[in-house]
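**Q** Just so it is clear, I am handing over coords_14.csv, which has CSV, C-alpha atoms.
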```csv
chain,number,residue,atom,x,y,z
A,1,MET,CA,-51.0,37.0,11.3
A,2,LEU,CA,-53.2,36.6,8.2
A,3,THR,CA,-51.1,36.5,5.0
A,4,THR,CA,-53.8,35.5,2.5
A,5,SER,CA,-55.5,37.7,-0.1
A,6,LEU,CA,-57.7,36.9,-3.0
A,7,THR,CA,-58.0,39.1,-6.1
A,8,THR,CA,-60.6,38.8,-8.9
A,9,LEU,CA,-58.9,39.6,-12.1
A,10,LYS,CA,-60.4,41.9,-14.8
A,11,ALA,CA,-60.5,40.8,-18.4
A,12,PRO,CA,-57.5,42.2,-20.2
A,13,ASP,CA,-58.8,41.8,-23.8
A,14,LYS,CA,-62.0,42.0,-25.9
A,15,THR,CA,-62.5,38.3,-26.0
A,16,LEU,CA,-62.7,37.9,-22.3
A,17,LYS,CA,-64.9,41.0,-21.9
A,18,ASN,CA,-67.6,39.5,-24.2
A,19,ASP,CA,-68.8,36.9,-21.7
A,20,GLY,CA,-70.5,34.1,-23.5
A,21,GLU,CA,-69.3,35.0,-27.0
A,22,ASP,CA,-67.4,31.7,-27.1
A,23,VAL,CA,-70.6,29.9,-26.3
A,24,ILE,CA,-72.4,31.5,-29.1
A,25,GLN,CA,-69.6,30.7,-31.5
A,26,GLY,CA,-69.3,27.1,-30.4
A,27,LEU,CA,-73.0,26.3,-30.4
A,28,THR,CA,-73.7,27.9,-33.8
A,29,LYS,CA,-71.1,26.0,-35.8
A,30,ASN,CA,-71.1,22.4,-37.1
A,31,PRO,CA,-70.0,20.3,-35.3
A,32,LYS,CA,-70.8,22.1,-32.1
A,33,THR,CA,-68.1,22.7,-29.4
A,34,LEU,CA,-67.8,24.3,-26.0
A,35,PRO,CA,-64.7,25.6,-24.2
A,36,ALA,CA,-63.5,23.4,-21.3
A,37,LYS,CA,-63.4,26.4,-19.0
A,38,TYR,CA,-67.2,26.0,-18.6
A,39,PHE,CA,-66.6,22.8,-16.6
A,40,TYR,CA,-65.5,24.7,-13.6
A,41,ASP,CA,-68.3,26.2,-11.7
A,42,HIS,CA,-68.5,25.3,-8.0
A,43,ARG,CA,-70.0,21.8,-8.6
A,44,GLY,CA,-67.8,21.2,-11.6
A,45,SER,CA,-64.7,21.9,-9.5
A,46,GLN,CA,-66.0,19.5,-6.8
A,47,LEU,CA,-66.6,16.8,-9.3
A,48,PHE,CA,-63.2,17.1,-10.8
A,49,GLU,CA,-61.7,16.7,-7.3
A,50,GLN,CA,-63.7,13.4,-7.1
A,51,ILE,CA,-62.4,12.4,-10.6
A,52,CYS,CA,-58.8,12.7,-9.3
A,53,GLU,CA,-59.6,10.1,-6.7
A,54,LEU,CA,-61.1,7.5,-9.1
A,55,PRO,CA,-59.2,4.2,-9.6
A,56,GLU,CA,-59.3,4.5,-13.4
A,57,TYR,CA,-58.0,8.1,-13.4
A,58,TYR,CA,-54.2,7.5,-13.2
A,59,PRO,CA,-52.9,11.1,-13.9
A,60,THR,CA,-53.3,12.6,-10.4
A,61,ARG,CA,-51.8,9.7,-8.4
A,62,THR,CA,-49.0,9.2,-10.9
A,63,GLU,CA,-48.0,12.8,-11.0
A,64,ALA,CA,-48.2,12.9,-7.2
A,65,SER,CA,-45.8,9.9,-7.0
A,66,ILE,CA,-43.4,11.8,-9.2
A,67,LEU,CA,-43.5,14.9,-7.0
A,68,ARG,CA,-43.0,12.8,-3.8
A,69,GLN,CA,-39.8,11.4,-5.3
A,70,TYR,CA,-38.4,14.6,-6.9
A,71,ALA,CA,-39.9,17.6,-5.1
A,72,ASP,CA,-36.7,18.1,-3.1
A,73,GLU,CA,-34.6,18.0,-6.3
A,74,ILE,CA,-36.8,20.6,-7.9
A,75,ALA,CA,-36.5,22.9,-4.9
A,76,GLN,CA,-32.8,22.4,-4.8
A,77,ILE,CA,-32.5,23.6,-8.4
A,78,THR,CA,-34.8,26.6,-8.0
A,79,GLY,CA,-33.9,27.8,-4.5
A,80,ALA,CA,-36.2,30.4,-2.8
A,81,CYS,CA,-38.8,31.5,-5.3
A,82,GLU,CA,-42.4,32.7,-5.9
A,83,LEU,CA,-44.6,29.7,-6.7
A,84,VAL,CA,-47.3,30.5,-9.2
A,85,GLU,CA,-49.8,27.7,-9.9
A,86,LEU,CA,-52.1,27.7,-12.9
A,87,GLY,CA,-55.4,25.9,-12.3
A,88,SER,CA,-54.6,25.3,-8.6
A,89,GLY,CA,-57.9,23.7,-7.6
A,90,SER,CA,-57.6,22.3,-4.0
A,91,SER,CA,-53.8,22.5,-4.2
A,92,THR,CA,-53.5,18.9,-3.1
A,93,LYS,CA,-50.3,18.0,-5.0
A,94,THR,CA,-48.9,21.5,-4.4
A,95,ARG,CA,-48.4,20.6,-0.7
A,96,LEU,CA,-45.7,18.2,-1.8
A,97,LEU,CA,-43.7,21.2,-3.1
A,98,LEU,CA,-44.7,23.5,-0.2
A,99,ASP,CA,-43.5,20.9,2.3
A,100,THR,CA,-40.1,20.7,0.6
A,101,TYR,CA,-39.5,24.4,0.3
A,102,GLN,CA,-40.5,24.8,4.0
A,103,ALA,CA,-38.2,21.9,5.0
A,104,ARG,CA,-35.4,23.6,3.3
A,105,LYS,CA,-36.3,26.9,5.0
A,106,TYR,CA,-36.6,28.7,1.7
A,107,SER,CA,-38.5,31.9,1.5
A,108,CYS,CA,-41.5,31.5,-0.8
A,109,LYS,CA,-44.8,33.0,-1.8
A,110,TYR,CA,-47.6,31.0,-3.2
A,111,VAL,CA,-49.9,32.4,-5.9
A,112,PRO,CA,-52.7,30.0,-6.7
A,113,ILE,CA,-54.8,30.8,-9.8
A,114,ASP,CA,-58.2,29.3,-10.6
A,115,VAL,CA,-61.5,30.3,-12.2
A,116,SER,CA,-63.5,29.0,-9.3
A,117,GLU,CA,-63.7,31.6,-6.5
A,118,SER,CA,-65.2,29.1,-4.0
A,119,ILE,CA,-62.6,26.4,-4.4
A,120,LEU,CA,-59.8,29.0,-4.4
A,121,LYS,CA,-61.1,30.6,-1.2
A,122,ASP,CA,-61.6,27.2,0.6
A,123,SER,CA,-58.1,25.9,-0.4
A,124,ALA,CA,-56.4,29.2,0.6
A,125,ILE,CA,-58.0,29.2,4.0
A,126,GLN,CA,-57.0,25.6,4.6
A,127,LEU,CA,-53.4,26.2,3.4
A,128,GLN,CA,-53.1,29.2,5.7
A,129,LYS,CA,-53.9,26.9,8.6
A,130,GLU,CA,-51.3,24.3,7.5
A,131,TYR,CA,-48.6,26.8,6.5
A,132,PRO,CA,-49.1,29.8,8.8
A,133,ALA,CA,-45.9,31.6,7.7
A,134,LEU,CA,-46.7,31.2,4.0
A,135,HIS,CA,-47.8,34.3,2.1
A,136,ILE,CA,-50.7,33.4,-0.2
A,137,GLN,CA,-52.1,35.6,-2.9
A,138,GLY,CA,-54.9,33.9,-4.8
A,139,LEU,CA,-55.9,35.2,-8.2
A,140,ILE,CA,-59.5,34.4,-9.5
A,141,GLY,CA,-59.5,34.2,-13.2
A,142,THR,CA,-58.3,32.4,-16.3
A,143,TYR,CA,-54.7,31.5,-17.1
A,144,GLU,CA,-54.6,34.3,-19.8
A,145,GLN,CA,-55.8,36.9,-17.3
A,146,ALA,CA,-53.4,35.8,-14.6
A,147,ILE,CA,-50.3,35.6,-16.8
A,148,ALA,CA,-51.0,39.0,-18.3
A,149,GLN,CA,-51.3,40.6,-14.9
A,150,LEU,CA,-48.5,39.0,-12.8
A,151,LYS,CA,-46.4,41.7,-11.1
A,152,PRO,CA,-42.6,41.5,-10.7
A,153,THR,CA,-41.6,39.3,-7.7
A,154,SER,CA,-39.5,40.5,-4.8
A,155,LEU,CA,-38.0,37.0,-4.4
A,156,PRO,CA,-34.9,35.8,-6.2
A,157,ALA,CA,-36.9,33.9,-8.8
A,158,ARG,CA,-40.3,32.8,-9.9
A,159,MET,CA,-41.6,29.4,-10.9
A,160,ILE,CA,-44.8,29.1,-12.8
A,161,PHE,CA,-46.1,25.6,-12.6
A,162,PHE,CA,-48.9,23.9,-14.5
A,163,LEU,CA,-49.6,20.5,-13.0
A,164,GLY,CA,-52.1,17.8,-14.1
A,165,SER,CA,-52.9,17.2,-17.7
A,166,SER,CA,-54.6,20.5,-18.5
A,167,MET,CA,-52.0,21.4,-21.1
A,168,GLY,CA,-53.6,18.7,-23.2
A,169,ASN,CA,-56.9,20.7,-23.3
A,170,PHE,CA,-55.2,23.2,-25.6
A,171,THR,CA,-55.3,22.9,-29.4
A,172,PRO,CA,-51.8,23.1,-31.0
A,173,GLN,CA,-52.5,26.8,-31.8
A,174,GLU,CA,-53.6,27.6,-28.2
A,175,TYR,CA,-50.6,25.6,-26.9
A,176,ASP,CA,-48.2,27.8,-29.0
A,177,ILE,CA,-49.8,31.0,-27.8
A,178,PHE,CA,-49.7,29.8,-24.1
A,179,LEU,CA,-46.0,29.0,-24.3
A,180,ASN,CA,-45.3,32.4,-25.8
A,181,GLN,CA,-47.2,34.0,-22.8
A,182,ILE,CA,-45.2,32.0,-20.3
A,183,THR,CA,-41.9,33.1,-22.0
A,184,ASP,CA,-43.0,36.7,-22.0
A,185,VAL,CA,-43.8,36.9,-18.3
A,186,LEU,CA,-40.8,35.0,-17.0
A,187,ALA,CA,-37.5,36.9,-16.5
A,188,PRO,CA,-34.3,35.2,-17.5
A,189,GLY,CA,-33.4,32.7,-14.8
A,190,ASP,CA,-37.0,32.1,-13.8
A,191,TYR,CA,-38.5,28.6,-14.0
A,192,PHE,CA,-41.4,26.8,-15.5
A,193,LEU,CA,-42.6,23.3,-14.3
A,194,LEU,CA,-44.9,21.6,-16.7
A,195,GLY,CA,-46.9,18.3,-16.2
A,196,ILE,CA,-47.8,16.3,-19.3
A,197,ASP,CA,-49.8,13.2,-19.8
A,198,LEU,CA,-47.8,10.8,-22.0
A,199,GLN,CA,-49.0,8.5,-24.8
A,200,LYS,CA,-50.1,5.1,-23.7
A,201,PRO,CA,-52.5,2.2,-24.8
A,202,LYS,CA,-56.0,3.2,-25.8
A,203,PRO,CA,-57.8,1.0,-23.2
A,204,ILE,CA,-56.1,2.7,-20.3
A,205,LEU,CA,-56.9,6.2,-21.6
A,206,GLU,CA,-60.6,5.5,-22.4
A,207,ALA,CA,-61.2,3.9,-19.0
A,208,ALA,CA,-59.8,7.0,-17.3
A,209,TYR,CA,-62.4,9.2,-19.0
A,210,ASN,CA,-65.4,6.7,-18.9
A,211,ASP,CA,-65.2,5.7,-15.2
A,212,SER,CA,-67.4,3.0,-13.9
A,213,GLN,CA,-69.0,5.3,-11.2
A,214,GLY,CA,-70.1,7.8,-13.7
A,215,VAL,CA,-68.4,10.8,-12.1
A,216,THR,CA,-66.8,11.9,-15.4
A,217,ALA,CA,-70.2,11.7,-17.0
A,218,ALA,CA,-71.7,13.9,-14.3
A,219,PHE,CA,-68.7,16.3,-14.7
A,220,ASN,CA,-69.3,16.5,-18.4
A,221,LEU,CA,-73.1,17.0,-18.1
A,222,ASN,CA,-72.6,19.6,-15.4
A,223,MET,CA,-71.2,21.9,-18.1
A,224,LEU,CA,-74.8,22.3,-19.4
A,225,GLU,CA,-76.0,23.1,-15.8
A,226,HIS,CA,-73.3,25.7,-15.6
A,227,LEU,CA,-74.5,27.3,-18.8
A,228,ASN,CA,-78.1,27.2,-17.5
A,229,TRP,CA,-77.4,29.3,-14.4
A,230,ARG,CA,-74.8,31.5,-16.0
A,231,PHE,CA,-76.8,32.4,-19.1
A,232,GLN,CA,-80.4,31.6,-18.0
A,233,GLY,CA,-80.6,28.5,-20.2
A,234,ASN,CA,-83.0,25.6,-20.2
A,235,PHE,CA,-80.7,22.6,-21.0
A,236,ASP,CA,-82.2,19.3,-19.9
A,237,THR,CA,-79.2,17.1,-19.0
A,238,ASP,CA,-81.5,14.0,-19.3
A,239,LEU,CA,-81.5,14.6,-23.0
A,240,PHE,CA,-77.7,14.1,-23.3
A,241,SER,CA,-75.3,11.3,-22.7
A,242,HIS,CA,-71.5,11.3,-22.1
A,243,GLN,CA,-68.9,9.5,-24.1
A,244,ALA,CA,-65.1,9.8,-24.3
A,245,ILE,CA,-63.1,8.2,-27.1
A,246,TYR,CA,-59.4,8.1,-27.9
A,247,ASN,CA,-58.5,9.5,-31.3
A,248,GLN,CA,-55.3,7.6,-32.1
A,249,LYS,CA,-54.5,9.6,-35.2
A,250,GLU,CA,-54.4,12.9,-33.2
A,251,ASN,CA,-53.2,11.3,-29.9
A,252,GLN,CA,-56.0,12.9,-28.0
A,253,ILE,CA,-59.0,12.0,-25.9
A,254,GLU,CA,-62.2,13.6,-27.2
A,255,MET,CA,-65.1,14.1,-24.8
A,256,TYR,CA,-68.6,14.4,-26.2
A,257,LEU,CA,-72.2,15.0,-25.1
A,258,HIS,CA,-74.6,13.2,-27.5
A,259,CYS,CA,-78.2,14.5,-27.9
A,260,GLN,CA,-80.8,11.7,-27.3
A,261,LYS,CA,-83.8,13.6,-28.6
A,262,SER,CA,-84.5,16.5,-30.9
A,263,HIS,CA,-85.3,19.7,-29.1
A,264,VAL,CA,-84.6,23.4,-28.8
A,265,VAL,CA,-82.5,25.1,-26.1
A,266,HIS,CA,-82.8,28.8,-25.2
A,267,LEU,CA,-80.0,30.8,-23.5
A,268,GLU,CA,-81.8,34.0,-22.6
A,269,CYS,CA,-78.8,36.1,-21.6
A,270,LEU,CA,-77.1,35.4,-24.9
A,271,ASP,CA,-80.3,35.8,-26.9
A,272,LEU,CA,-79.5,32.4,-28.4
A,273,LYS,CA,-81.7,29.5,-29.5
A,274,VAL,CA,-80.0,26.2,-30.4
A,275,THR,CA,-81.8,23.5,-32.3
A,276,TRP,CA,-80.6,19.9,-31.5
A,277,LYS,CA,-81.2,16.8,-33.6
A,278,THR,CA,-81.2,13.3,-32.3
A,279,GLY,CA,-77.7,11.9,-32.5
A,280,GLU,CA,-76.0,15.3,-32.8
A,281,SER,CA,-72.9,15.7,-30.6
A,282,ILE,CA,-71.0,18.5,-29.0
A,283,LEU,CA,-67.3,18.3,-28.3
A,284,THR,CA,-66.7,19.6,-24.7
A,285,GLU,CA,-63.0,18.7,-24.3
A,286,ILE,CA,-59.9,17.4,-25.9
A,287,SER,CA,-57.1,16.0,-23.8
A,288,ARG,CA,-53.9,15.6,-25.9
A,289,LYS,CA,-51.3,13.0,-25.0
A,290,PHE,CA,-47.7,13.9,-25.5
A,291,ASP,CA,-44.3,12.6,-26.4
A,292,LEU,CA,-41.7,13.7,-23.8
A,293,GLU,CA,-38.8,14.4,-26.1
A,294,THR,CA,-41.0,16.3,-28.6
A,295,VAL,CA,-42.3,18.6,-25.8
A,296,GLN,CA,-38.8,19.3,-24.5
A,297,LYS,CA,-37.7,20.4,-28.0
A,298,GLU,CA,-40.8,22.7,-28.3
A,299,LEU,CA,-40.1,24.2,-24.9
A,300,ASP,CA,-36.5,24.8,-25.8
A,301,SER,CA,-37.5,26.6,-29.0
A,302,LYS,CA,-39.6,29.0,-27.0
A,303,GLY,CA,-36.7,30.0,-24.7
A,304,LEU,CA,-37.6,27.6,-22.0
A,305,LYS,CA,-34.6,25.4,-21.6
A,306,PRO,CA,-35.4,22.0,-20.1
A,307,LEU,CA,-33.2,21.4,-17.1
A,308,LYS,CA,-34.6,18.0,-16.0
A,309,SER,CA,-37.5,15.7,-16.8
A,310,PHE,CA,-39.1,13.3,-14.3
A,311,THR,CA,-41.3,10.4,-15.0
A,312,ASP,CA,-42.9,7.4,-13.2
A,313,PRO,CA,-41.5,3.8,-13.8
A,314,GLN,CA,-44.3,3.1,-16.4
A,315,LYS,CA,-43.6,6.4,-18.2
A,316,TRP,CA,-47.3,7.3,-18.0
A,317,PHE,CA,-46.8,10.9,-16.9
A,318,GLY,CA,-44.0,13.4,-17.1
A,319,LEU,CA,-42.8,16.6,-15.4
A,320,ILE,CA,-40.4,19.0,-17.1
A,321,LEU,CA,-38.5,21.7,-15.2
A,322,CYS,CA,-37.4,24.5,-17.5
A,323,GLN,CA,-35.5,27.7,-17.1
A,324,ALA,CA,-36.2,30.9,-19.0
A,325,THR,CA,-33.3,32.0,-21.2
A,326,LYS,CA,-34.8,35.1,-22.8
```
Please go through the file and, once you have read it, give me the structure as structure tokens.
**A**
Amino acid sequence: MLTTSLTTLKAPDKTLKNDGEDVIQGLTKNPKTLPAKYFYDHRGSQLFEQICELPEYYPTRTEASILRQYADEIAQITGACELVELGSGSSTKTRLLLDTYQARKYSCKYVPIDVSESILKDSAIQLQKEYPALHIQGLIGTYEQAIAQLKPTSLPARMIFFLGSSMGNFTPQEYDIFLNQITDVLAPGDYFLLGIDLQKPKPILEAAYNDSQGVTAAFNLNMLEHLNWRFQGNFDTDLFSHQAIYNQKENQIEMYLHCQKSHVVHLECLDLKVTWKTGESILTEISRKFDLETVQKELDSKGLKPLKSFTDPQKWFGLILCQATK
């Protein structure tokens, strides 16, 4: 029996309805920026999956090792629940949780959320084959859209989980807004599982975002290709180069595209012309690195009481399981 459905979410607010407005704002200011969400068209999602397998890129395998060790303890704490994943991608690490809930014979429903329809559809089909009794309801859209439109669950509890290091892509202001949204949608007694990339030496961090195979560079440049097809643009990716640096003062990786030659780009759908100068840069992503104790205090202040934190032996990555108190 097929128990999988996919829903394309509608934009709940003015900002999301004005498709491309954030591109106009980002490319007309100095210095130029673009939102990280434009990484994730079909090819971008595929490239990110490749990044997760790179030897330099420690977050995925480190977080997976934590889940292998502690998934059963997490399931024991939450009991039967609805599992809502933000930015699910191919749901690779999620299987470690699904296996545990299944082994404990807990009733659960899986709600994967991703902006890429193709990768969400492919992963949902594969998961249905692997877990035929699992009810899967995929939501195609942004975190904001999904959180705003979640309906009450019929299960005893809900756990929203945000794995990987994507929390680091938020500015402090966006991070604060996001936690407020999580608090608003969770009922008292529900759970929130958060993955955070922890602070570590600069060489390790910069190697992870400047891999020797050039996959991260291709991922970064693909953002321009995404803008080309989405907004009828004429970006030439050969005129840009990738670089990621670690800003130790702000404790964040900053990913840039540097213009190699002066030229003009036209995005027809946005009626936008952008003049580029040689050496000019565009910030495409930040990836903040966190202190575990500080994040736990911030979560607690939002009504998300930390129940348990889990780390690897090197303390490179952390998972925090919280329970909503209000």
**Q** Pick the closest to A:Glu293 from A:Glu144, A:Thr8, A:Lys326, A:Leu198: which is it, counting only C-alpha atoms?
**A**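 Of the candidates, the smallest distance to A:Glu293 is held by A:Leu198.
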**Q** Smallest atom-to-atom distance to A:Ala148: which of A:Phe170, A:Phe235, A:Phe178, A:Phe192, using all atoms listed in the file?
**A**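 Selected residue with least distance to A:Ala148: A:Phe178.
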**Q** With only C-alpha atoms as the counted atoms, please give the residues lying no more than 8 Å from A:Phe290, apart from itself and same-chain residues fewer than 5 positions off, as a list in words.
**A** Gly168, Ile196, Asp197, Leu198, Gln199, Asn251 and Val295 of chain A
**Q** I need the residue nearest A:Glu206 from this list: A:Cys108, A:Glu56, A:Lys297, A:Lys37. Use only C-alpha atoms for the distance.
**A**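 Closest residue, counting only C-alpha atoms: A:Glu56.
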**Q** What residues have an atom no more than 9 Å from (-41.5, 24.2, -22.5) in the file's own frame, counting all atoms listed in the file, and can you write them as a list of chain:residue names?
**A**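 Result, sorted by chain then residue number: A:Leu179, A:Ile182, A:Thr183, A:Phe192, A:Leu193, A:Leu194, A:Val295, A:Gln296, A:Lys297, A:Glu298, A:Leu299, A:Asp300, A:Ser301, A:Lys302, A:Gly303, A:Leu304, A:Lys305, A:Pro306, A:Ile320, A:Leu321, A:Cys322, A:Gln323.
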**Q** Which residues are close to A:Ser91, i.e. within 9 Å by all atoms listed in the file, leaving aside same-chain residues fewer than 2 positions away? Reply as a list in words.
**A**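 Neighbouring residues, sequence-local ones excluded: Glu85, Gly87, Ser88, Gly89, Lys93, Thr94, Arg95, Pro112, Leu120, Ser123, Ala124 and Leu127 of chain A.
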**Q** So, with only C-alpha atoms as the atoms that count, which of A:Gly20, A:Gly44, A:Pro201, A:Pro35 lies closest to A:Asn220?
**A**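 Smallest separation from A:Asn220 among the options: A:Gly44.
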**Q** Give me, please, the distance in Å between atom CA of A:Gln149 and atom CA of A:Ser45, quoted to one decimal.
**A** 23.6 Å
**Q** What gap, in Å, lies between atom CA of A:Tyr143 and atom CA of A:Gln46?
**A**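 Interatomic distance, atom CA of A:Tyr143 to atom CA of A:Gln46: 19.4 Å.
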**Q** What separation in Å, quoted to one decimal, exists between atom CA of A:Pro31 and atom CA of A:Ile282?
**A** 6.6 Å
**Q** Neighbouring residues of A:Ile77 were defined as those with any atom within 10 Å, considering all atoms listed in the file; residues of the same chain fewer than 5 positions away were excluded. Please report them as a list of chain:residue names.
**A**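 The residues that qualify are A:Asp72, A:Tyr191, A:Leu307, A:Lys308, A:Leu321.
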**Q** Go ahead and write the residues just picked, C-alpha atoms, as a JSON list (two decimals), in the coordinates of the input.
**A**
```json
[["chain", "number", "residue", "atom", "x", "y", "z"],
["A", 72, "ASP", "CA", -36.70, 18.10, -3.10],
["A", 191, "TYR", "CA", -38.50, 28.60, -14.00],
["A", 307, "LEU", "CA", -33.20, 21.40, -17.10],
["A", 308, "LYS", "CA", -34.60, 18.00, -16.00],
["A", 321, "LEU", "CA", -38.50, 21.70, -15.20]]
```
**Q** Counting all atoms listed in the file, figure out which residue out of A:Tyr40, A:Tyr110, A:Phe310, A:Tyr57 gets nearest to A:Ser165.
**A**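 Distance minimum relative to A:Ser165 lands on A:Tyr57.
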**Q** Could I get the residues of stretch 160-236 of chain A with an atom no further than 12 Å from an atom of stretch 259-266 of chain A, each paired with its nearest atom pair and that distance in Å to one decimal, using only C-alpha atoms, sorted by chain and residue number, as a tab-separated table?
**A**
```
residue	atom	partner	partner_atom	distance
A:Leu221	CA	A:Cys259	CA	11.3
A:Leu224	CA	A:Val265	CA	10.6
A:Leu227	CA	A:His266	CA	10.6
A:Asn228	CA	A:His266	CA	9.2
A:Phe231	CA	A:His266	CA	9.3
A:Gln232	CA	A:His266	CA	8.1
A:Gly233	CA	A:His266	CA	5.5
A:Asn234	CA	A:His266	CA	5.9
A:Phe235	CA	A:Val265	CA	6.0
A:Asp236	CA	A:Val265	CA	8.5
```
**Q** Put those residues in a file: C-alpha atoms, as a PDB file, keeping the file's coordinate frame.
**A**
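Output file again.pdb is given in full below:
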```pdb
ATOM      1  CA  LEU A 221     -73.100  17.000 -18.100  1.00  0.00           C
ATOM      2  CA  LEU A 224     -74.800  22.300 -19.400  1.00  0.00           C
ATOM      3  CA  LEU A 227     -74.500  27.300 -18.800  1.00  0.00           C
ATOM      4  CA  ASN A 228     -78.100  27.200 -17.500  1.00  0.00           C
ATOM      5  CA  PHE A 231     -76.800  32.400 -19.100  1.00  0.00           C
ATOM      6  CA  GLN A 232     -80.400  31.600 -18.000  1.00  0.00           C
ATOM      7  CA  GLY A 233     -80.600  28.500 -20.200  1.00  0.00           C
ATOM      8  CA  ASN A 234     -83.000  25.600 -20.200  1.00  0.00           C
ATOM      9  CA  PHE A 235     -80.700  22.600 -21.000  1.00  0.00           C
ATOM     10  CA  ASP A 236     -82.200  19.300 -19.900  1.00  0.00           C
TER      11      ASP A 236
END
```
**Q** A:Ile136: which residues within 7 Å, counting only C-alpha atoms, same-chain residues fewer than 5 positions away excluded, as a ChimeraX atom specification?
**A** /A:3-5,109-111
**Q** Pick from A:Cys269, A:Tyr209, A:Ile125, A:Gly164: nearest to A:Arg230, with all atoms listed in the file counted?
**A**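 Closest residue, counting all atoms listed in the file: A:Cys269.
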**Q** Mind checking which residues fall within 7 Å of A:Asn222, counting only C-alpha atoms, ignoring those fewer than 4 positions away in the same chain, and posting them as number ranges by chain?
**A** A: 39, 44, 218, 226
**Q** How would the residues just picked look written out with C-alpha atoms as an mmCIF file, in the coordinates of the input?
**A**
```
data_model
loop_
_atom_site.group_PDB
_atom_site.id
_atom_site.type_symbol
_atom_site.label_atom_id
_atom_site.label_comp_id
_atom_site.auth_asym_id
_atom_site.auth_seq_id
_atom_site.Cartn_x
_atom_site.Cartn_y
_atom_site.Cartn_z
ATOM 1 C CA PHE A 39 -66.600 22.800 -16.600
ATOM 2 C CA GLY A 44 -67.800 21.200 -11.600
ATOM 3 C CA ALA A 218 -71.700 13.900 -14.300
ATOM 4 C CA HIS A 226 -73.300 25.700 -15.600
#
```
